[in-house]
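J.: Okay, so here is model.txt, and as you'll see once you scroll down, it has compact mmCIF, C-alpha atoms.
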```
# COMPACT_ATOMS: atom_id res chain seq x y z
CA MET A 88 77.37 81.07 80.94
CA LYS A 89 78.05 84.69 80.05
CA THR A 90 80.94 85.80 77.89
CA VAL A 91 82.62 89.19 77.53
CA PHE A 92 85.43 90.19 75.21
CA PHE A 93 88.22 92.24 76.75
CA HIS A 94 90.67 94.37 74.81
CA PHE A 95 93.58 95.40 77.03
CA HIS A 96 95.43 98.43 75.73
CA GLY A 97 99.09 99.40 76.08
CA TYR A 98 101.24 97.54 78.57
CA LEU A 99 98.20 95.89 80.17
CA ALA A 100 98.26 93.23 77.43
CA GLU A 101 101.70 92.16 78.69
CA LEU A 102 100.33 91.66 82.20
CA LEU A 103 97.66 89.12 81.30
CA ARG A 104 97.91 86.00 83.41
CA GLY A 105 99.87 83.30 81.63
CA ALA A 106 101.35 85.86 79.21
CA VAL A 107 98.25 85.47 77.01
CA GLU A 108 98.47 88.60 74.88
CA LYS A 109 96.02 87.56 72.17
CA GLN A 110 93.21 90.05 71.69
CA PRO A 111 90.36 89.93 72.41
CA PHE A 112 90.78 88.24 75.77
CA VAL A 113 87.66 86.09 76.16
CA CYS A 114 86.26 85.76 79.68
CA SER A 115 83.34 83.49 80.60
CA PHE A 116 81.48 83.41 83.93
CA ARG A 117 78.18 82.29 85.46
CA GLU A 118 77.19 84.62 88.30
CA ALA A 119 77.12 88.42 88.06
CA GLN A 120 80.67 89.82 88.18
CA THR A 121 82.09 93.32 88.37
CA VAL A 122 84.57 94.36 85.71
CA LYS A 123 87.10 94.93 88.52
CA HIS A 124 86.85 91.29 89.56
CA LEU A 125 87.16 90.03 85.99
CA ILE A 126 90.12 92.29 85.23
CA GLU A 127 91.99 91.23 88.36
CA SER A 128 91.16 87.59 87.67
CA ALA A 129 93.10 88.07 84.43
CA GLY A 130 96.13 89.15 86.49
CA ILE A 131 95.90 92.94 86.26
CA PRO A 132 95.70 94.96 89.52
CA HIS A 133 93.09 97.72 89.67
CA THR A 134 95.87 100.24 90.39
CA GLU A 135 97.05 99.85 86.76
CA VAL A 136 93.67 100.59 85.18
CA GLY A 137 92.92 104.15 84.12
CA ALA A 138 89.68 103.78 82.15
CA ILE A 139 87.14 101.10 81.23
CA LEU A 140 84.69 101.25 78.31
CA ALA A 141 81.80 98.80 77.98
CA ASP A 142 80.60 98.83 74.36
CA GLY A 143 82.18 102.25 74.03
CA GLN A 144 80.66 103.79 77.16
CA PRO A 145 82.78 104.66 80.23
CA VAL A 146 82.05 102.58 83.34
CA ASN A 147 83.60 102.27 86.79
CA PHE A 148 85.06 99.28 88.63
CA ALA A 149 81.67 98.35 90.13
CA TYR A 150 80.01 97.90 86.74
CA LEU A 151 78.46 94.47 86.22
CA ALA A 152 79.61 92.94 82.95
CA ARG A 153 76.88 91.86 80.54
CA ASP A 154 76.86 88.94 78.16
CA GLY A 155 78.41 89.68 74.78
CA GLU A 156 79.95 93.04 75.69
CA GLN A 157 83.25 94.30 74.39
CA ILE A 158 85.18 95.87 77.22
CA ASP A 159 88.19 98.09 76.55
CA VAL A 160 90.63 98.55 79.42
CA PHE A 161 93.21 101.36 79.32
CA PRO A 162 96.30 101.72 81.52
CA VAL A 163 96.73 104.67 83.87
CA THR A 164 99.39 106.07 81.54
CA ALA A 165 97.14 106.17 78.47
CA VAL A 166 93.64 107.25 79.49
CA PRO A 167 91.74 108.66 76.48
CA PRO A 168 91.54 112.44 77.01
CA GLN A 169 87.75 112.53 76.77
CA PHE A 170 87.33 110.20 79.77
CA PRO A 171 88.15 110.84 83.44
CA SER A 172 90.67 108.55 85.10
CA LEU A 173 89.37 105.87 87.46
CA GLN A 174 92.39 106.37 89.70
CA PRO A 175 92.05 108.80 92.61
CA PRO A 176 94.60 111.63 92.79
CA PRO A 177 97.71 110.49 94.68
CA PRO A 178 98.10 111.73 98.26
CA ARG A 179 99.70 115.12 98.80
CA PRO A 180 102.42 115.47 99.74
CA LEU A 181 103.41 112.46 97.64
CA ARG A 182 104.91 109.75 99.82
CA PHE A 183 105.89 106.19 98.98
CA LEU A 184 105.79 102.84 100.75
CA LEU A 185 107.92 100.03 99.31
CA ASP A 186 107.40 96.36 99.94
CA ASN A 187 109.97 93.97 101.36
CA HIS A 188 112.13 93.47 98.26
CA LEU A 189 112.84 97.01 97.06
CA GLY A 190 115.59 98.24 99.35
CA LYS A 191 117.81 99.51 96.52
CA LEU A 192 114.93 101.47 95.03
CA ALA A 193 114.22 103.01 98.43
CA ARG A 194 117.77 104.35 98.68
CA LEU A 195 117.66 105.91 95.21
CA LEU A 196 114.27 107.55 95.73
CA ARG A 197 115.53 108.98 99.02
CA LEU A 198 118.65 110.20 97.24
CA LEU A 199 116.38 112.14 94.88
CA GLY A 200 114.60 113.69 97.86
CA PHE A 201 111.36 111.68 97.95
CA ASP A 202 109.73 110.57 101.20
CA THR A 203 110.18 106.80 100.92
CA LEU A 204 109.27 104.38 103.69
CA TYR A 205 110.91 100.96 103.54
CA PRO A 206 110.21 98.89 106.65
CA ARG A 207 113.29 97.01 107.82
CA ASP A 208 111.16 94.30 109.37
CA HIS A 209 109.48 91.88 106.98
CA LEU A 210 105.83 92.97 107.01
CA THR A 211 102.87 90.93 105.87
CA ASP A 212 100.73 92.16 102.99
CA ALA A 213 98.02 93.05 105.50
CA ALA A 214 100.45 95.17 107.52
CA LEU A 215 101.76 96.95 104.41
CA ASP A 216 98.20 97.55 103.25
CA GLN A 217 97.25 99.07 106.60
CA LEU A 218 100.36 101.24 106.70
CA ALA A 219 99.73 102.57 103.18
CA HIS A 220 96.17 103.41 104.19
CA ASP A 221 97.00 105.06 107.51
CA GLU A 222 99.85 107.33 106.37
CA PRO A 223 98.63 107.57 103.45
CA ARG A 224 101.31 106.46 100.97
CA VAL A 225 101.60 105.17 97.40
CA MET A 226 102.49 101.48 97.43
CA LEU A 227 105.35 100.52 95.11
CA THR A 228 105.74 96.80 94.53
CA ARG A 229 106.31 94.01 92.02
CA ASP A 230 103.68 91.91 93.82
CA ARG A 231 100.41 91.98 91.87
CA GLY A 232 98.51 90.27 94.66
CA LEU A 233 99.39 93.05 97.10
CA LEU A 234 97.98 95.68 94.74
CA MET A 235 94.77 93.67 94.31
CA ARG A 236 93.83 94.10 97.96
CA LYS A 237 90.55 95.99 98.18
CA THR A 238 91.82 98.75 100.46
CA ILE A 239 94.87 99.65 98.36
CA GLY A 240 93.88 103.03 96.96
CA HIS A 241 97.21 104.20 95.56
CA GLY A 242 99.76 101.86 94.04
CA CYS A 243 102.13 101.22 91.18
CA LEU A 244 103.17 97.86 89.78
CA LEU A 245 106.88 97.87 88.94
CA ARG A 246 107.37 95.63 85.93
CA SER A 247 111.17 95.74 85.74
CA LYS A 248 113.59 93.96 88.06
CA GLU A 249 116.28 96.58 87.34
CA THR A 250 116.45 99.25 90.02
CA GLU A 251 117.27 102.17 87.75
CA GLU A 252 114.45 101.23 85.40
CA GLN A 253 112.16 101.19 88.42
CA VAL A 254 113.26 104.72 89.32
CA THR A 255 112.44 105.91 85.80
CA ALA A 256 109.03 104.21 85.94
CA VAL A 257 108.14 106.01 89.19
CA LEU A 258 109.35 109.39 87.94
CA GLN A 259 107.32 109.04 84.75
CA ARG A 260 104.19 107.65 86.39
CA TYR A 261 103.91 110.52 88.87
CA ASP A 262 105.57 113.24 86.77
CA LEU A 263 108.25 113.88 89.38
CA TYR A 264 111.14 115.22 87.33
CA SER A 265 110.50 118.83 88.40
CA LYS A 266 110.26 117.75 92.04
CA ILE A 267 113.67 116.08 92.31
CA SER A 268 115.54 117.64 95.24
CA PRO A 269 118.59 115.52 96.11
CA TRP A 270 120.65 115.44 99.29
CA GLN A 271 117.62 116.06 101.52
CA ARG A 272 116.97 112.64 103.05
CA CYS A 273 118.87 109.95 104.89
CA LEU A 274 119.53 106.97 102.65
CA ARG A 275 119.39 104.65 105.62
CA CYS A 276 116.18 105.67 107.40
CA ASN A 277 114.42 108.35 105.28
CA GLY A 278 114.88 111.06 107.93
CA ARG A 279 115.50 114.69 107.01
CA LEU A 280 119.10 115.91 106.76
CA ARG A 281 120.31 119.13 108.36
CA PRO A 282 123.70 120.87 108.32
CA VAL A 283 125.80 120.13 111.38
CA PRO A 284 128.94 121.97 112.54
CA LYS A 285 132.07 119.91 112.15
CA ALA A 286 133.06 120.66 115.73
CA ASP A 287 129.89 118.93 117.00
CA ILE A 288 130.76 115.61 115.37
CA LEU A 289 134.54 115.70 115.40
CA ASP A 290 134.78 112.68 117.67
CA ARG A 291 132.74 110.60 115.21
CA LEU A 292 134.93 111.24 112.15
CA GLU A 293 137.79 109.16 110.82
CA PRO A 294 141.19 110.93 110.79
CA LYS A 295 141.27 111.53 107.02
CA THR A 296 137.68 112.75 107.02
CA ARG A 297 138.49 115.26 109.76
CA LEU A 298 141.48 116.43 107.74
CA TYR A 299 139.97 116.82 104.26
CA TYR A 300 136.27 117.70 104.74
CA ASP A 301 134.50 120.55 106.46
CA ASP A 302 130.84 120.47 105.38
CA PHE A 303 128.60 117.84 106.94
CA GLN A 304 124.94 116.92 107.25
CA MET A 305 123.29 114.76 109.86
CA CYS A 306 120.03 112.80 109.83
CA GLN A 307 117.60 114.24 112.34
CA ASP A 308 116.22 110.78 113.09
CA CYS A 309 119.08 108.26 113.19
CA GLY A 310 122.14 110.53 113.45
CA GLN A 311 123.83 109.22 110.30
CA ILE A 312 126.50 111.67 109.06
CA TYR A 313 126.95 112.61 105.40
CA TRP A 314 129.64 114.54 103.55
CA ARG A 315 130.72 115.00 99.94
CA GLY A 316 133.36 112.31 99.87
CA SER A 317 134.92 110.41 96.98
CA HIS A 318 131.59 108.76 96.18
CA PHE A 319 129.76 112.07 95.74
CA ALA A 320 130.78 112.79 92.14
CA LYS A 321 129.39 109.45 90.98
CA LEU A 322 126.10 110.02 92.76
CA GLU A 323 125.88 113.57 91.44
CA ALA A 324 126.37 112.31 87.88
CA TRP A 325 123.62 109.72 88.35
CA VAL A 326 121.20 112.35 89.67
CA ALA A 327 121.94 114.56 86.66
CA GLN A 328 121.34 111.63 84.31
CA VAL A 329 117.94 110.57 85.71
CA SER A 330 116.78 114.18 86.00
CA ARG A 331 116.88 114.76 82.25
```
Before anything else, please render the file you have as structure tokens.
T.:
Amino acid sequence: MKTVFFHFHGYLAELLRGAVEKQPFVCSFREAQTVKHLIESAGIPHTEVGAILADGQPVNFAYLARDGEQIDVFPVTAVPPQFPSLQPPPPRPLRFLLDNHLGKLARLLRLLGFDTLYPRDHLTDAALDQLAHDEPRVMLTRDRGLLMRKTIGHGCLLRSKETEEQVTAVLQRYDLYSKISPWQRCLRCNGRLRPVPKADILDRLEPKTRLYYDDFQMCQDCGQIYWRGSHFAKLEAWVAQVSR
């Protein structure tokens, strides 16, 4: 048997399988194992790891752990400045793919102007993985197993169940505050919005809407119509709050 001693830094300690936060985290194994395999066996997806040090020396995910080593694992949000991050740069332009249980988050990210794909049909992990790879998109999920798939290159594990806390986590992780551009995307399908003359959609408006509103936008993809109705002030206040 070989034994290595892991020290998980920052929030990674909270992710250890079985909520075992005691440090060091002792891991024993027989056959040669990569640090990536050992880390994910402890319940931590590779997408959350920013740097790995084996006895103080930086190593990558393919490094084979050696008996008696101390291995320090740092989260993506706290990589020591003297070491390069193990995470590849996110795709540009930055686009997101959300798994099957994050519909509310999808709407709020779209409200802030971010390209956010949320499949209406329930997709398997394999299908989501392939879609994230083909587009390419950053996978947002609370499913650790999904982020442990080998071909997931860009992903973020959302630790909170609260939607607004999830929004904050995404904005902080990818430093998006300066890129917020609300009222650009359809909340229903993610399509781009464009101004549309009132006369062109008059037959689609309710009587009071026709009477009190003059400025409208329409989704280029699904045709959904938007205007600054009674709900707008509340949404505008929320955007101002999260943009700080």
J.: Nearest to Met235 (chain A): which of A:Ile131, A:Ile288, A:Leu151, A:Ala165 is it, counting all atoms listed in the file?
T.: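 For Met235 (chain A), the nearest of the given residues is A:Ile131.
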J.: Mind giving me the straight-line distance from CA of Gln120 (chain A) to CA of Ile158 (chain A) in Å, one decimal?
T.: 13.3 Å
J.: Using all atoms listed in the file, find the one residue out of A:Gly200, A:Pro269, A:Pro177, A:Gly310 that sits nearest to Asp287 (chain A).
T.: A:Gly310
J.: Would you mind telling me which residue in A:Thr134, A:Thr296, A:Gln328, A:Ser115 lies nearest to Arg260 (chain A) when using all atoms listed in the file?
T.: A:Thr134
J.: Restricting the calculation to only C-alpha atoms, which member of A:Arg117, A:Arg182, A:Arg194, A:Lys266 is positioned closest to Leu218 (chain A)?
T.: A:Arg182
J.: What does the distance from CA of Glu118 (chain A) to CA of Met88 (chain A) come to in Å, to one decimal?
T.: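 Result for CA of Glu118 (chain A) versus CA of Met88 (chain A): 8.2 Å, one decimal.
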J.: CA of His318 (chain A) and CA of Lys285 (chain A), how far apart in Å?
T.: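 CA of His318 (chain A) lies at a distance of 19.5 Å from CA of Lys285 (chain A).
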J.: Write out as a list in words which residues come within 12 Å of Pro175 (chain A) when counting only C-alpha atoms, dropping same-chain ones fewer than 6 positions away.
T.: His133, Thr134, Glu135, Val136, Gly137, Ala138, Val163, Val225, Ile239, Gly240, His241 and Gly242 of chain A
J.: Please produce region 185-208 of chain A, completed to N, CA and C atoms, as a PDB file, keeping the file's coordinate frame.
T.:
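Result file is result-v5.pdb:
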```pdb
ATOM      1  N   LEU A 185     107.384 101.111 100.142  1.00  0.00           N
ATOM      2  CA  LEU A 185     107.920 100.030  99.310  1.00  0.00           C
ATOM      3  C   LEU A 185     107.807  98.717 100.054  1.00  0.00           C
ATOM      4  N   ASP A 186     107.528  97.656  99.294  1.00  0.00           N
ATOM      5  CA  ASP A 186     107.400  96.360  99.940  1.00  0.00           C
ATOM      6  C   ASP A 186     108.775  95.777 100.283  1.00  0.00           C
ATOM      7  N   ASN A 187     108.792  94.532 100.702  1.00  0.00           N
ATOM      8  CA  ASN A 187     109.970  93.970 101.360  1.00  0.00           C
ATOM      9  C   ASN A 187     111.159  93.659 100.468  1.00  0.00           C
ATOM     10  N   HIS A 188     111.043  93.877  99.167  1.00  0.00           N
ATOM     11  CA  HIS A 188     112.130  93.470  98.260  1.00  0.00           C
ATOM     12  C   HIS A 188     112.665  94.626  97.430  1.00  0.00           C
ATOM     13  N   LEU A 189     112.470  95.845  97.869  1.00  0.00           N
ATOM     14  CA  LEU A 189     112.840  97.010  97.060  1.00  0.00           C
ATOM     15  C   LEU A 189     113.763  97.962  97.807  1.00  0.00           C
ATOM     16  N   GLY A 190     114.692  97.413  98.564  1.00  0.00           N
ATOM     17  CA  GLY A 190     115.590  98.240  99.350  1.00  0.00           C
ATOM     18  C   GLY A 190     116.465  99.159  98.515  1.00  0.00           C
ATOM     19  N   LYS A 191     116.964  98.675  97.378  1.00  0.00           N
ATOM     20  CA  LYS A 191     117.810  99.510  96.520  1.00  0.00           C
ATOM     21  C   LYS A 191     117.017 100.672  95.941  1.00  0.00           C
ATOM     22  N   LEU A 192     115.781 100.407  95.549  1.00  0.00           N
ATOM     23  CA  LEU A 192     114.930 101.470  95.030  1.00  0.00           C
ATOM     24  C   LEU A 192     114.658 102.515  96.102  1.00  0.00           C
ATOM     25  N   ALA A 193     114.461 102.076  97.330  1.00  0.00           N
ATOM     26  CA  ALA A 193     114.220 103.010  98.430  1.00  0.00           C
ATOM     27  C   ALA A 193     115.375 103.991  98.586  1.00  0.00           C
ATOM     28  N   ARG A 194     116.599 103.495  98.529  1.00  0.00           N
ATOM     29  CA  ARG A 194     117.770 104.350  98.680  1.00  0.00           C
ATOM     30  C   ARG A 194     117.837 105.396  97.563  1.00  0.00           C
ATOM     31  N   LEU A 195     117.548 104.975  96.331  1.00  0.00           N
ATOM     32  CA  LEU A 195     117.660 105.910  95.210  1.00  0.00           C
ATOM     33  C   LEU A 195     116.548 106.954  95.240  1.00  0.00           C
ATOM     34  N   LEU A 196     115.344 106.564  95.620  1.00  0.00           N
ATOM     35  CA  LEU A 196     114.270 107.550  95.730  1.00  0.00           C
ATOM     36  C   LEU A 196     114.567 108.547  96.851  1.00  0.00           C
ATOM     37  N   ARG A 197     115.132 108.073  97.937  1.00  0.00           N
ATOM     38  CA  ARG A 197     115.530 108.980  99.020  1.00  0.00           C
ATOM     39  C   ARG A 197     116.640 109.910  98.554  1.00  0.00           C
ATOM     40  N   LEU A 198     117.572 109.373  97.775  1.00  0.00           N
ATOM     41  CA  LEU A 198     118.650 110.200  97.240  1.00  0.00           C
ATOM     42  C   LEU A 198     118.094 111.353  96.414  1.00  0.00           C
ATOM     43  N   LEU A 199     117.007 111.099  95.703  1.00  0.00           N
ATOM     44  CA  LEU A 199     116.380 112.140  94.880  1.00  0.00           C
ATOM     45  C   LEU A 199     115.487 113.071  95.696  1.00  0.00           C
ATOM     46  N   GLY A 200     115.340 112.782  96.985  1.00  0.00           N
ATOM     47  CA  GLY A 200     114.600 113.690  97.860  1.00  0.00           C
ATOM     48  C   GLY A 200     113.178 113.296  98.158  1.00  0.00           C
ATOM     49  N   PHE A 201     112.751 112.090  97.766  1.00  0.00           N
ATOM     50  CA  PHE A 201     111.360 111.680  97.950  1.00  0.00           C
ATOM     51  C   PHE A 201     111.172 110.905  99.256  1.00  0.00           C
ATOM     52  N   ASP A 202     110.092 111.222  99.942  1.00  0.00           N
ATOM     53  CA  ASP A 202     109.730 110.570 101.200  1.00  0.00           C
ATOM     54  C   ASP A 202     109.398 109.114 100.895  1.00  0.00           C
ATOM     55  N   THR A 203     110.281 108.207 101.312  1.00  0.00           N
ATOM     56  CA  THR A 203     110.180 106.800 100.920  1.00  0.00           C
ATOM     57  C   THR A 203     110.343 105.904 102.138  1.00  0.00           C
ATOM     58  N   LEU A 204     109.257 105.272 102.524  1.00  0.00           N
ATOM     59  CA  LEU A 204     109.270 104.380 103.690  1.00  0.00           C
ATOM     60  C   LEU A 204     109.551 102.955 103.227  1.00  0.00           C
ATOM     61  N   TYR A 205     110.561 102.346 103.834  1.00  0.00           N
ATOM     62  CA  TYR A 205     110.910 100.960 103.540  1.00  0.00           C
ATOM     63  C   TYR A 205     111.118 100.243 104.861  1.00  0.00           C
ATOM     64  N   PRO A 206     110.099  99.543 105.343  1.00  0.00           N
ATOM     65  CA  PRO A 206     110.210  98.890 106.650  1.00  0.00           C
ATOM     66  C   PRO A 206     111.346  97.867 106.681  1.00  0.00           C
ATOM     67  N   ARG A 207     112.167  97.962 107.703  1.00  0.00           N
ATOM     68  CA  ARG A 207     113.290  97.010 107.820  1.00  0.00           C
ATOM     69  C   ARG A 207     112.798  95.629 108.217  1.00  0.00           C
ATOM     70  N   ASP A 208     111.733  95.583 108.999  1.00  0.00           N
ATOM     71  CA  ASP A 208     111.160  94.300 109.370  1.00  0.00           C
ATOM     72  C   ASP A 208     110.283  93.785 108.235  1.00  0.00           C
TER      73      ASP A 208
END
```
